[in-house]
$ cat start-v1.txt   # compact mmCIF, C-alpha atoms
# COMPACT_ATOMS: atom_id res chain seq x y z
CA MET A 7 -3.35 32.66 -16.64
CA ASP A 8 -6.03 30.67 -14.84
CA ARG A 9 -6.26 28.95 -11.48
CA LEU A 10 -6.99 25.24 -11.93
CA SER A 11 -9.68 23.20 -10.23
CA ASN A 12 -8.52 19.58 -10.34
CA THR A 13 -9.97 16.12 -9.88
CA VAL A 14 -8.60 13.65 -7.34
CA ARG A 15 -8.85 10.02 -8.46
CA PRO A 16 -9.76 7.54 -5.65
CA TYR A 17 -7.86 4.46 -6.87
CA ALA A 18 -7.67 1.67 -4.29
CA TRP A 19 -3.87 1.84 -3.99
CA GLY A 20 -3.93 5.53 -3.04
CA SER A 21 -2.87 6.96 0.30
CA THR A 22 -5.69 8.20 2.52
CA THR A 23 -3.54 10.97 4.02
CA ALA A 24 -0.71 12.19 1.73
CA ILE A 25 -2.66 14.48 -0.63
CA PRO A 26 -4.89 15.88 2.15
CA ALA A 27 -1.75 16.63 4.20
CA LEU A 28 -0.22 18.55 1.29
CA LEU A 29 -3.45 20.45 0.62
CA GLY A 30 -4.07 21.14 4.30
CA THR A 31 -7.47 19.45 4.22
CA ALA A 32 -9.02 16.77 6.41
CA PRO A 33 -8.73 13.17 5.17
CA THR A 34 -12.01 11.62 4.10
CA GLY A 35 -11.00 8.08 5.00
CA GLU A 36 -11.08 7.14 1.30
CA PRO A 37 -7.94 6.66 -0.80
CA GLN A 38 -6.81 9.75 -2.71
CA ALA A 39 -4.39 8.40 -5.29
CA GLU A 40 -3.85 11.02 -8.00
CA MET A 41 -4.70 14.66 -8.57
CA TRP A 42 -4.78 15.35 -12.32
CA MET A 43 -3.70 18.69 -13.78
CA GLY A 44 -4.17 19.13 -17.50
CA ALA A 45 -6.52 18.37 -20.35
CA HIS A 46 -6.92 14.61 -20.24
CA PRO A 47 -10.47 13.85 -21.42
CA GLY A 48 -10.99 11.45 -18.51
CA ALA A 49 -10.71 14.20 -15.89
CA PRO A 50 -9.78 17.59 -17.36
CA SER A 51 -8.88 20.45 -15.06
CA ARG A 52 -11.40 23.28 -14.94
CA ILE A 53 -10.87 27.02 -15.15
CA THR A 54 -13.15 30.01 -14.76
CA ARG A 55 -13.29 32.51 -17.62
CA PRO A 56 -15.83 35.10 -18.77
CA THR A 57 -18.22 33.84 -21.43
CA GLU A 58 -21.04 35.30 -23.44
CA GLY A 59 -23.77 36.68 -21.21
CA THR A 60 -24.51 39.66 -19.04
CA THR A 61 -24.45 40.68 -15.44
CA PRO A 62 -25.40 44.12 -14.10
CA THR A 63 -21.82 45.13 -13.41
CA THR A 64 -19.43 43.36 -15.78
CA GLY A 65 -21.46 42.47 -18.82
CA THR A 66 -20.00 38.97 -18.77
CA ALA A 67 -20.79 35.89 -16.72
CA PRO A 68 -17.80 33.88 -15.45
CA THR A 69 -18.25 30.20 -16.21
CA GLU A 70 -16.26 27.15 -15.13
CA LEU A 71 -15.00 25.38 -18.24
CA PRO A 72 -13.05 22.16 -18.81
CA LEU A 73 -9.54 22.93 -20.02
CA THR A 74 -10.23 20.59 -22.95
CA ASP A 75 -12.98 22.95 -24.17
CA VAL A 76 -10.83 26.04 -23.69
CA ILE A 77 -8.03 24.55 -25.80
CA ALA A 78 -10.43 23.23 -28.45
CA ALA A 79 -11.89 26.74 -28.90
CA ASP A 80 -8.49 28.29 -29.74
CA PRO A 81 -5.69 25.68 -30.03
CA GLU A 82 -2.97 27.98 -31.37
CA GLY A 83 -3.84 30.77 -28.95
CA GLU A 84 -3.64 28.43 -25.97
CA LEU A 85 -0.86 26.04 -27.00
CA GLY A 86 1.18 28.03 -29.52
CA ALA A 87 1.56 27.29 -33.22
CA ALA A 88 4.64 25.08 -32.78
CA THR A 89 2.94 22.81 -30.23
CA VAL A 90 -0.16 22.43 -32.41
CA ALA A 91 1.95 21.71 -35.49
CA ARG A 92 3.81 18.93 -33.67
CA TYR A 93 1.15 17.37 -31.44
CA GLY A 94 -2.16 18.54 -32.80
CA PRO A 95 -4.78 20.65 -30.96
CA ARG A 96 -4.23 19.07 -27.55
CA LEU A 97 -2.05 19.54 -24.49
CA PRO A 98 0.58 16.81 -24.98
CA PHE A 99 1.31 16.19 -21.28
CA LEU A 100 -0.52 15.42 -18.05
CA LEU A 101 0.75 16.53 -14.63
CA LYS A 102 -0.22 14.70 -11.45
CA LEU A 103 0.25 14.54 -7.73
CA LEU A 104 0.62 10.80 -7.09
CA ALA A 105 0.19 9.37 -3.59
CA ALA A 106 0.86 5.64 -3.29
CA GLY A 107 -0.28 3.98 -0.08
CA ALA A 108 0.04 0.49 -1.58
CA PRO A 109 1.93 -0.89 -4.60
CA LEU A 110 0.63 -0.03 -8.04
CA SER A 111 0.51 -2.66 -10.76
CA LEU A 112 3.70 -3.83 -12.43
CA GLN A 113 3.52 -2.24 -15.87
CA VAL A 114 5.32 -1.24 -19.03
CA HIS A 115 4.59 1.30 -21.79
CA PRO A 116 5.02 0.90 -25.56
CA ASP A 117 7.13 3.11 -27.78
CA LEU A 118 5.42 5.34 -30.33
CA ASP A 119 5.60 2.88 -33.24
CA GLN A 120 4.31 0.02 -31.09
CA ALA A 121 1.44 2.16 -29.82
CA ARG A 122 0.41 3.19 -33.32
CA GLU A 123 0.58 -0.37 -34.64
CA GLY A 124 -1.23 -1.86 -31.65
CA TYR A 125 -3.97 0.74 -31.68
CA ALA A 126 -4.55 0.33 -35.43
CA GLU A 127 -4.68 -3.45 -35.11
CA GLU A 128 -7.27 -3.40 -32.31
CA GLU A 129 -9.31 -0.77 -34.15
CA ALA A 130 -9.30 -2.98 -37.26
CA ARG A 131 -10.56 -5.90 -35.17
CA GLY A 132 -13.33 -3.75 -33.72
CA VAL A 133 -12.27 -4.12 -30.08
CA PRO A 134 -14.18 -1.47 -28.08
CA VAL A 135 -11.84 1.10 -26.50
CA ASP A 136 -13.46 0.52 -23.10
CA ALA A 137 -13.30 -3.30 -23.31
CA PRO A 138 -11.45 -4.78 -20.30
CA HIS A 139 -9.24 -6.86 -22.61
CA ARG A 140 -8.32 -3.88 -24.81
CA THR A 141 -4.56 -3.22 -24.67
CA TYR A 142 -4.12 0.04 -26.62
CA LYS A 143 -6.44 2.88 -25.64
CA ASP A 144 -4.84 5.37 -28.03
CA ALA A 145 -2.05 5.67 -30.60
CA ASN A 146 0.47 7.45 -28.37
CA HIS A 147 3.40 6.39 -26.25
CA LYS A 148 3.65 7.20 -22.54
CA PRO A 149 7.08 8.20 -21.28
CA GLU A 150 6.80 9.44 -17.70
CA LEU A 151 8.79 10.99 -14.87
CA ILE A 152 8.13 10.73 -11.13
CA CYS A 153 9.77 13.26 -8.77
CA ALA A 154 9.64 12.49 -5.05
CA LEU A 155 8.13 14.99 -2.61
CA THR A 156 8.57 12.54 0.28
CA PRO A 157 10.72 9.40 0.56
CA PHE A 158 9.40 7.32 -2.34
CA ASP A 159 9.84 3.60 -3.05
CA GLY A 160 9.54 1.94 -6.43
CA LEU A 161 10.69 -0.75 -8.81
CA CYS A 162 12.38 0.28 -12.06
CA GLY A 163 13.94 -1.88 -14.77
CA PHE A 164 15.45 -5.36 -14.59
CA ARG A 165 18.34 -6.02 -12.28
CA ARG A 166 21.13 -8.47 -13.13
CA PRO A 167 19.74 -12.01 -13.45
CA THR A 168 22.32 -13.30 -10.99
CA GLU A 169 21.14 -10.77 -8.39
CA ALA A 170 17.53 -11.88 -8.88
CA ALA A 171 18.67 -15.51 -8.61
CA ASP A 172 20.43 -14.80 -5.31
CA ALA A 173 17.32 -13.08 -3.92
CA MET A 174 15.05 -15.98 -4.90
CA GLU A 175 17.46 -18.65 -3.71
CA ALA A 176 17.78 -17.01 -0.29
CA LEU A 177 14.04 -17.60 0.27
CA GLY A 178 14.63 -21.37 0.42
CA VAL A 179 11.46 -22.18 -1.55
CA ASP A 180 11.90 -25.41 -3.55
CA SER A 181 9.44 -24.45 -6.27
CA LEU A 182 11.56 -21.38 -7.09
CA LYS A 183 14.62 -23.48 -7.95
CA PRO A 184 13.73 -23.77 -11.68
CA TYR A 185 13.64 -19.96 -11.91
CA VAL A 186 16.93 -19.68 -10.04
CA ASP A 187 18.54 -22.17 -12.43
CA LEU A 188 17.20 -20.35 -15.50
CA LEU A 189 18.51 -17.02 -14.24
CA ARG A 190 21.99 -18.49 -13.82
CA ALA A 191 22.17 -20.71 -16.90
CA HIS A 192 21.28 -18.36 -19.77
CA PRO A 193 22.54 -15.13 -21.28
CA GLU A 194 21.00 -12.06 -19.67
CA GLU A 195 18.19 -11.31 -22.13
CA ALA A 196 17.15 -14.95 -22.52
CA ALA A 197 17.21 -15.51 -18.76
CA LEU A 198 14.92 -12.60 -17.98
CA ARG A 199 12.55 -13.44 -20.84
CA GLU A 200 12.26 -17.11 -19.91
CA VAL A 201 11.69 -16.49 -16.23
CA LEU A 202 9.06 -13.75 -16.73
CA THR A 203 7.32 -15.95 -19.33
CA ALA A 204 7.34 -18.90 -16.92
CA ILE A 205 5.98 -16.81 -14.03
CA LEU A 206 3.12 -15.36 -16.05
CA GLY A 207 2.30 -18.68 -17.72
CA ALA A 208 2.35 -20.91 -14.64
CA ASP A 209 -0.73 -22.64 -13.20
CA PRO A 210 -2.49 -20.03 -10.99
CA ALA A 211 -3.19 -22.42 -8.11
CA GLU A 212 0.37 -23.73 -7.98
CA MET A 213 1.74 -20.24 -8.30
CA ALA A 214 -0.41 -19.00 -5.40
CA ASP A 215 1.21 -21.59 -3.12
CA THR A 216 4.68 -20.63 -4.30
CA VAL A 217 3.98 -16.93 -3.76
CA ALA A 218 2.63 -17.62 -0.26
CA GLU A 219 5.78 -19.56 0.68
CA ALA A 220 8.00 -16.88 -0.82
CA ALA A 221 6.13 -14.12 1.01
CA ALA A 222 6.43 -15.87 4.36
CA ALA A 223 10.16 -16.38 3.79
CA ALA A 224 10.64 -12.75 2.73
CA GLU A 225 8.92 -11.58 5.92
CA ARG A 226 11.19 -13.80 8.05
CA LEU A 227 14.34 -12.61 6.29
CA GLY A 228 13.48 -8.90 6.27
CA GLY A 229 16.20 -6.53 5.08
CA ALA A 230 16.43 -6.49 1.29
CA HIS A 231 13.50 -8.93 1.12
CA ALA A 232 11.13 -6.71 3.13
CA PRO A 233 9.71 -4.85 0.08
CA TYR A 234 8.55 -8.15 -1.45
CA ALA A 235 6.85 -9.19 1.78
CA ARG A 236 5.07 -5.84 1.76
CA ILE A 237 4.01 -6.29 -1.88
CA ALA A 238 2.72 -9.79 -1.15
CA HIS A 239 0.69 -8.45 1.78
CA HIS A 240 -1.29 -6.31 -0.66
CA TYR A 241 -1.41 -8.90 -3.46
CA PRO A 242 -1.51 -12.37 -1.84
CA GLY A 243 -0.89 -15.15 -4.32
CA ASP A 244 -0.25 -12.78 -7.24
CA PRO A 245 2.56 -13.96 -9.57
CA GLY A 246 3.61 -10.33 -9.84
CA VAL A 247 5.25 -10.71 -6.42
CA LEU A 248 7.83 -12.99 -8.04
CA ALA A 249 8.08 -10.81 -11.15
CA ALA A 250 8.87 -7.89 -8.83
CA MET A 251 11.97 -9.74 -7.62
CA LEU A 252 13.41 -9.41 -11.13
CA LEU A 253 13.43 -5.60 -10.88
CA ASN A 254 15.62 -2.97 -9.26
CA TYR A 255 14.29 -1.71 -5.94
CA VAL A 256 14.76 2.09 -5.71
CA GLN A 257 14.34 4.48 -2.79
CA LEU A 258 14.08 8.13 -3.84
CA GLN A 259 14.69 11.04 -1.51
CA PRO A 260 12.72 14.29 -1.93
CA GLY A 261 13.81 16.04 -5.11
CA GLU A 262 15.10 12.87 -6.77
CA ALA A 263 13.30 11.44 -9.79
CA LEU A 264 12.97 8.45 -12.10
CA PHE A 265 12.35 8.53 -15.84
CA LEU A 266 10.39 5.58 -17.23
CA GLY A 267 10.91 5.07 -20.95
CA ALA A 268 9.33 2.60 -23.32
CA GLY A 269 9.70 -1.08 -22.52
CA VAL A 270 10.95 -0.56 -18.95
CA PRO A 271 8.94 -2.55 -16.36
CA HIS A 272 8.19 -0.57 -13.23
CA ALA A 273 5.87 -0.08 -10.27
CA TYR A 274 5.47 2.59 -7.60
CA LEU A 275 5.22 1.21 -4.06
CA ASP A 276 4.87 4.02 -1.53
CA GLY A 277 5.22 7.79 -1.24
CA LEU A 278 4.08 11.15 -2.62
CA GLY A 279 5.46 12.60 -5.83
CA VAL A 280 4.93 14.90 -8.78
CA GLU A 281 4.41 12.85 -11.94
CA ILE A 282 4.41 14.05 -15.54
CA MET A 283 3.74 11.97 -18.63
CA ALA A 284 2.79 12.09 -22.26
CA ASN A 285 -0.99 12.31 -22.53
CA SER A 286 -1.74 8.61 -23.12
CA ASP A 287 -3.52 5.72 -21.42
CA ASN A 288 -1.39 2.92 -22.88
CA VAL A 289 -0.38 0.54 -20.08
CA LEU A 290 0.54 -3.13 -20.40
CA ARG A 291 0.35 -4.79 -17.02
CA CYS A 292 2.51 -7.70 -15.89
CA GLY A 293 1.35 -8.38 -12.34
CA LEU A 294 -0.01 -7.02 -9.06
CA THR A 295 -3.42 -6.44 -10.60
CA PRO A 296 -6.77 -8.14 -11.17
CA LYS A 297 -6.89 -6.48 -14.61
CA HIS A 298 -6.24 -8.15 -17.96
CA ILE A 299 -2.63 -9.14 -18.74
CA ASP A 300 -1.91 -9.52 -22.46
CA VAL A 301 1.07 -11.83 -22.09
CA PRO A 302 2.04 -12.21 -25.79
CA GLU A 303 1.92 -8.45 -26.39
CA LEU A 304 3.68 -7.75 -23.11
CA LEU A 305 6.57 -10.04 -24.06
CA ARG A 306 6.85 -8.19 -27.37
CA ILE A 307 6.98 -4.77 -25.69
CA VAL A 308 9.26 -5.42 -22.70
CA ARG A 309 12.96 -4.66 -23.08
CA PHE A 310 14.70 -7.63 -21.53
CA GLU A 311 17.93 -6.04 -20.43
CA ALA A 312 19.39 -5.30 -17.04
CA THR A 313 19.61 -1.55 -16.45
CA ASP A 314 20.66 0.96 -13.86
CA PRO A 315 17.44 2.71 -12.72
CA GLY A 316 19.15 6.04 -13.28
CA VAL A 317 18.06 8.28 -10.41
CA LEU A 318 17.76 11.86 -11.69
CA ARG A 319 18.61 15.02 -9.82
CA PRO A 320 17.71 18.46 -11.17
CA GLU A 321 20.30 20.47 -13.07
CA ALA A 322 20.49 24.06 -11.85
CA SER A 323 20.79 27.11 -14.12
CA PRO A 324 21.68 30.77 -13.43
CA SER A 325 17.99 31.66 -13.76
CA GLY A 326 17.14 29.54 -10.72
CA GLU A 327 15.42 26.87 -12.78
CA GLU A 328 16.30 23.31 -11.75
CA ARG A 329 15.42 21.07 -14.68
CA TYR A 330 14.98 17.30 -14.81
CA GLU A 331 16.61 16.31 -18.10
CA THR A 332 14.86 13.50 -20.00
CA PRO A 333 14.65 12.38 -23.65
CA ALA A 334 10.89 13.05 -23.73
CA ASP A 335 9.60 15.59 -26.27
CA GLU A 336 6.06 15.97 -24.95
CA PHE A 337 7.05 17.37 -21.57
CA ALA A 338 9.69 19.07 -19.47
CA LEU A 339 9.60 19.32 -15.68
CA SER A 340 11.54 21.83 -13.64
CA ARG A 341 11.56 23.18 -10.10
CA TYR A 342 12.03 26.64 -8.59
CA THR A 343 12.91 27.28 -4.96
CA LEU A 344 11.81 30.84 -4.19
CA ALA A 345 13.03 32.98 -1.31
CA PRO A 346 11.67 36.27 0.12
CA GLY A 347 13.31 39.33 -1.39
CA ALA A 348 14.88 37.43 -4.28
CA ALA A 349 14.45 38.58 -7.86
CA PRO A 350 11.29 37.24 -9.50
CA ALA A 351 11.60 34.00 -11.41
CA GLU A 352 10.92 34.76 -15.06
CA LEU A 353 8.73 31.94 -16.41
CA THR A 354 7.56 33.21 -19.83
CA VAL A 355 7.99 30.58 -22.57
CA PRO A 356 6.42 30.03 -26.03
CA THR A 357 4.72 26.82 -24.86
CA PRO A 358 1.76 26.16 -22.51
CA GLN A 359 2.57 25.67 -18.83
CA ILE A 360 1.09 24.27 -15.65
CA LEU A 361 2.63 25.67 -12.46
CA LEU A 362 2.20 23.72 -9.20
CA CYS A 363 3.09 24.90 -5.70
CA THR A 364 4.29 22.11 -3.38
CA ALA A 365 5.61 24.11 -0.40
CA GLY A 366 5.26 27.57 1.13
CA THR A 367 3.34 30.36 -0.58
CA VAL A 368 4.16 31.39 -4.13
CA ARG A 369 2.75 34.37 -5.99
CA VAL A 370 2.33 33.76 -9.73
CA GLY A 371 1.19 36.89 -11.49
CA ALA A 372 -1.71 38.13 -9.39
CA LEU A 373 -2.49 34.72 -7.86
CA ASP A 374 -1.22 33.31 -4.57
CA LEU A 375 -0.64 29.56 -4.54
CA THR A 376 -0.36 27.33 -1.50
CA PRO A 377 0.67 23.65 -1.54
CA GLY A 378 -1.34 21.61 -4.02
CA GLN A 379 -2.68 24.64 -5.90
CA SER A 380 -1.88 25.14 -9.57
CA VAL A 381 -2.37 27.46 -12.54
CA TYR A 382 -2.51 27.06 -16.29
CA VAL A 383 -0.56 29.57 -18.40
CA PRO A 384 -1.25 29.79 -22.16
CA ALA A 385 1.69 29.81 -24.56
CA ALA A 386 3.80 32.99 -24.57
CA GLU A 387 1.81 34.67 -21.79
CA ALA A 388 4.14 36.78 -19.63
CA VAL A 389 4.43 35.38 -16.13
CA GLU A 390 6.82 35.54 -13.18
CA ALA A 391 6.85 34.09 -9.68
CA THR A 392 7.87 35.41 -6.26
CA GLY A 393 7.40 34.37 -2.65
CA SER A 394 8.78 31.72 -0.34
CA GLY A 395 8.25 28.15 -1.43
CA THR A 396 8.66 25.52 -4.12
CA LEU A 397 7.11 25.74 -7.56
CA PHE A 398 7.13 23.00 -10.22
CA ARG A 399 6.76 23.95 -13.86
CA ALA A 400 5.41 21.51 -16.46
CA THR A 401 5.63 22.51 -20.11
CA VAL A 402 6.41 21.12 -23.55
CA ALA A 403 10.08 20.31 -24.15
CA ALA A 404 11.81 22.92 -26.31
$ encode --input "start-v1.txt" --output "structure tokens"
Amino acid sequence: MDRLSNTVRPYAWGSTTAIPALLGTAPTGEPQAEMWMGAHPGAPSRITRPTEGTTPTTGTAPTELPLTDVIAADPEGELGAATVARYGPRLPFLLKLLAAGAPLSLQVHPDLDQAREGYAEEEARGVPVDAPHRTYKDANHKPELICALTPFDGLCGFRRPTEAADAMEALGVDSLKPYVDLLRAHPEEAALREVLTAILGADPAEMADTVAEAAAAAERLGGAHAPYARIAHHYPGDPGVLAAMLLNYVQLQPGEALFLGAGVPHAYLDGLGVEIMANSDNVLRCGLTPKHIDVPELLRIVRFEATDPGVLRPEASPSGEERYETPADEFALSRYTLAPGAAPAELTVPTPQILLCTAGTVRVGALDLTPGQSVYVPAAEAVEATGSGTLFRATVAA
């Protein structure tokens, strides 16, 4: 078991205060959007282990190593034979603290077949992986789960076309009438497809005027329209403001979660949460961003169906584990609420784990964790937790 040293990513949409408040550190004034825990090559966690060398007392010199290097040196020892056989010599999930101070981009993720096909096609065309117009960064899908630590706002999945039509019509903006009519005149799938296609394909200058009028009206109306006024404040003139009105608005309370599967458009708006995902960078954006939007591929990937966002709550077990049930194979997320004097929580499993404290003080093995601190536990290593606080466990789904 190793304590993790993690990288905080300073994306522009990040909160300046939420992660520092959890960690008990002073804000820097810069956004702190995500703290990554895992073995993603872009920002792998680091651990300290003895390596070859000598010191006068121990004979070994402790060295800080990227978790990627540790796993590469002994994949089966770190991940377990079953994980390596299924996913190769890599940790198949990435755990994050995510702190949104402004809306993230509207986005959708491909399924596994789409990711493999898209990646192979761009590789065959010789598109550099770091090219700004590259759509598929790897050949993996990216199911993800966000669990709220504070009240957390987001958009998840299409709402009923008639509900979106009512919301747009209430704004009283003449240039939105064609979208309103489309949403009411077609079957559900066709309506959503045609309106999103029209929004993303419209003249940028004309669309900017429409978005400005819609934003002003949303601010006047308030209530259910307030989130769209807030989005427009951060992305003035962006067609994604109108695309956002096609989606379900969701407010999570602490402990509640959302699962985002393939083809489901979504965006996080505000709040602090624990996020876990398959270890992939495949994101197709559909608004609220200056980045490239691959409209034809996006329209092929999106699932144009109205859905219930499906707020998840953890399912308790006699062991004290509260698990968030999802269809994902690459990861499983669960939560433990520990109390003084209670029996230790037995955490030993045959898969690799990352354990994250989010409240109180938790003792994991011989290490004390305070909020925001985490440890990596190799597969099958015996481990238990005690103390007074909240501990999240990320591992590979059984």
$ atom_distance --input "start-v1.txt" --atom1 "atom CA of Leu344 of chain A" --atom2 "atom CA of Ser323 of chain A"
13.9 Å
$ atom_distance --input "start-v1.txt" --atom1 "atom CA of Pro56 of chain A" --atom2 "atom CA of Leu85 of chain A"
19.3 Å
$ residues_around --input "start-v1.txt" --residues "segment 158-173 of chain A" --least-positions-apart "6" --cutoff "7 Å" --atoms "only C-alpha atoms" --output "CSV table (one decimal) with C-alpha atoms, keeping the file's coordinate frame"
chain,number,residue,atom,x,y,z
A,186,VAL,CA,16.9,-19.7,-10.0
A,189,LEU,CA,18.5,-17.0,-14.2
A,190,ARG,CA,22.0,-18.5,-13.8
A,194,GLU,CA,21.0,-12.1,-19.7
A,197,ALA,CA,17.2,-15.5,-18.8
A,198,LEU,CA,14.9,-12.6,-18.0
A,251,MET,CA,12.0,-9.7,-7.6
A,252,LEU,CA,13.4,-9.4,-11.1
A,253,LEU,CA,13.4,-5.6,-10.9
A,254,ASN,CA,15.6,-3.0,-9.3
A,255,TYR,CA,14.3,-1.7,-5.9
A,256,VAL,CA,14.8,2.1,-5.7
A,257,GLN,CA,14.3,4.5,-2.8
A,258,LEU,CA,14.1,8.1,-3.8
A,259,GLN,CA,14.7,11.0,-1.5
A,270,VAL,CA,11.0,-0.6,-19.0
A,271,PRO,CA,8.9,-2.6,-16.4
A,272,HIS,CA,8.2,-0.6,-13.2
A,273,ALA,CA,5.9,-0.1,-10.3
A,274,TYR,CA,5.5,2.6,-7.6
A,275,LEU,CA,5.2,1.2,-4.1
A,276,ASP,CA,4.9,4.0,-1.5
A,277,GLY,CA,5.2,7.8,-1.2
A,278,LEU,CA,4.1,11.2,-2.6
A,311,GLU,CA,17.9,-6.0,-20.4
A,312,ALA,CA,19.4,-5.3,-17.0
A,313,THR,CA,19.6,-1.6,-16.4
A,315,PRO,CA,17.4,2.7,-12.7
$ closest_residue --input "start-v1.txt" --among "A:Asn288, A:Gln38, A:Asn12, A:Thr31" --to "Asn146 of chain A" --atoms "all atoms listed in the file"
A:Asn288
$ residues_around --input "start-v1.txt" --residues "Asp215 of chain A" --least-positions-apart "4" --cutoff "10 Å" --atoms "only C-alpha atoms" --output "count of residues only"
9
$ closest_atom_pairs --input "start-v1.txt" --of "segment 152-250 of chain A" --to "segment 23-30 of chain A" --cutoff "12 Å" --atoms "only C-alpha atoms" --output "tab-separated table"
residue	atom	partner	partner_atom	distance
A:Leu155	CA	A:Leu28	CA	9.9
A:Thr156	CA	A:Ala24	CA	9.4
A:Pro157	CA	A:Ala24	CA	11.8
A:Phe158	CA	A:Ala24	CA	11.9
$ write_last_selection --input "start-v1.txt" --atoms "C-alpha atoms" --output "CSV table (one decimal), in the frame of the given file"
chain,number,residue,atom,x,y,z
A,155,LEU,CA,8.1,15.0,-2.6
A,156,THR,CA,8.6,12.5,0.3
A,157,PRO,CA,10.7,9.4,0.6
A,158,PHE,CA,9.4,7.3,-2.3
$ atom_distance --input "start-v1.txt" --atom1 "atom CA of Ala18 of chain A" --atom2 "atom CA of Leu118 of chain A"
29.4 Å
$ residues_around --input "start-v1.txt" --residues "segment 291-297 of chain A" --least-positions-apart "6" --cutoff "6 Å" --atoms "all atoms listed in the file" --output "JSON, numbers by chain"
{"A": [111, 112, 113, 246]}
$ residues_around --input "start-v1.txt" --residues "segment 356-358 of chain A" --least-positions-apart "5" --cutoff "6 Å" --atoms "all atoms listed in the file" --output "number ranges by chain"
A: 85-86, 383-386, 401
$ closest_residue --input "start-v1.txt" --among "A:Leu339, A:Leu104, A:Val370, A:Met43" --to "Phe265 of chain A" --atoms "all atoms listed in the file"
A:Leu339
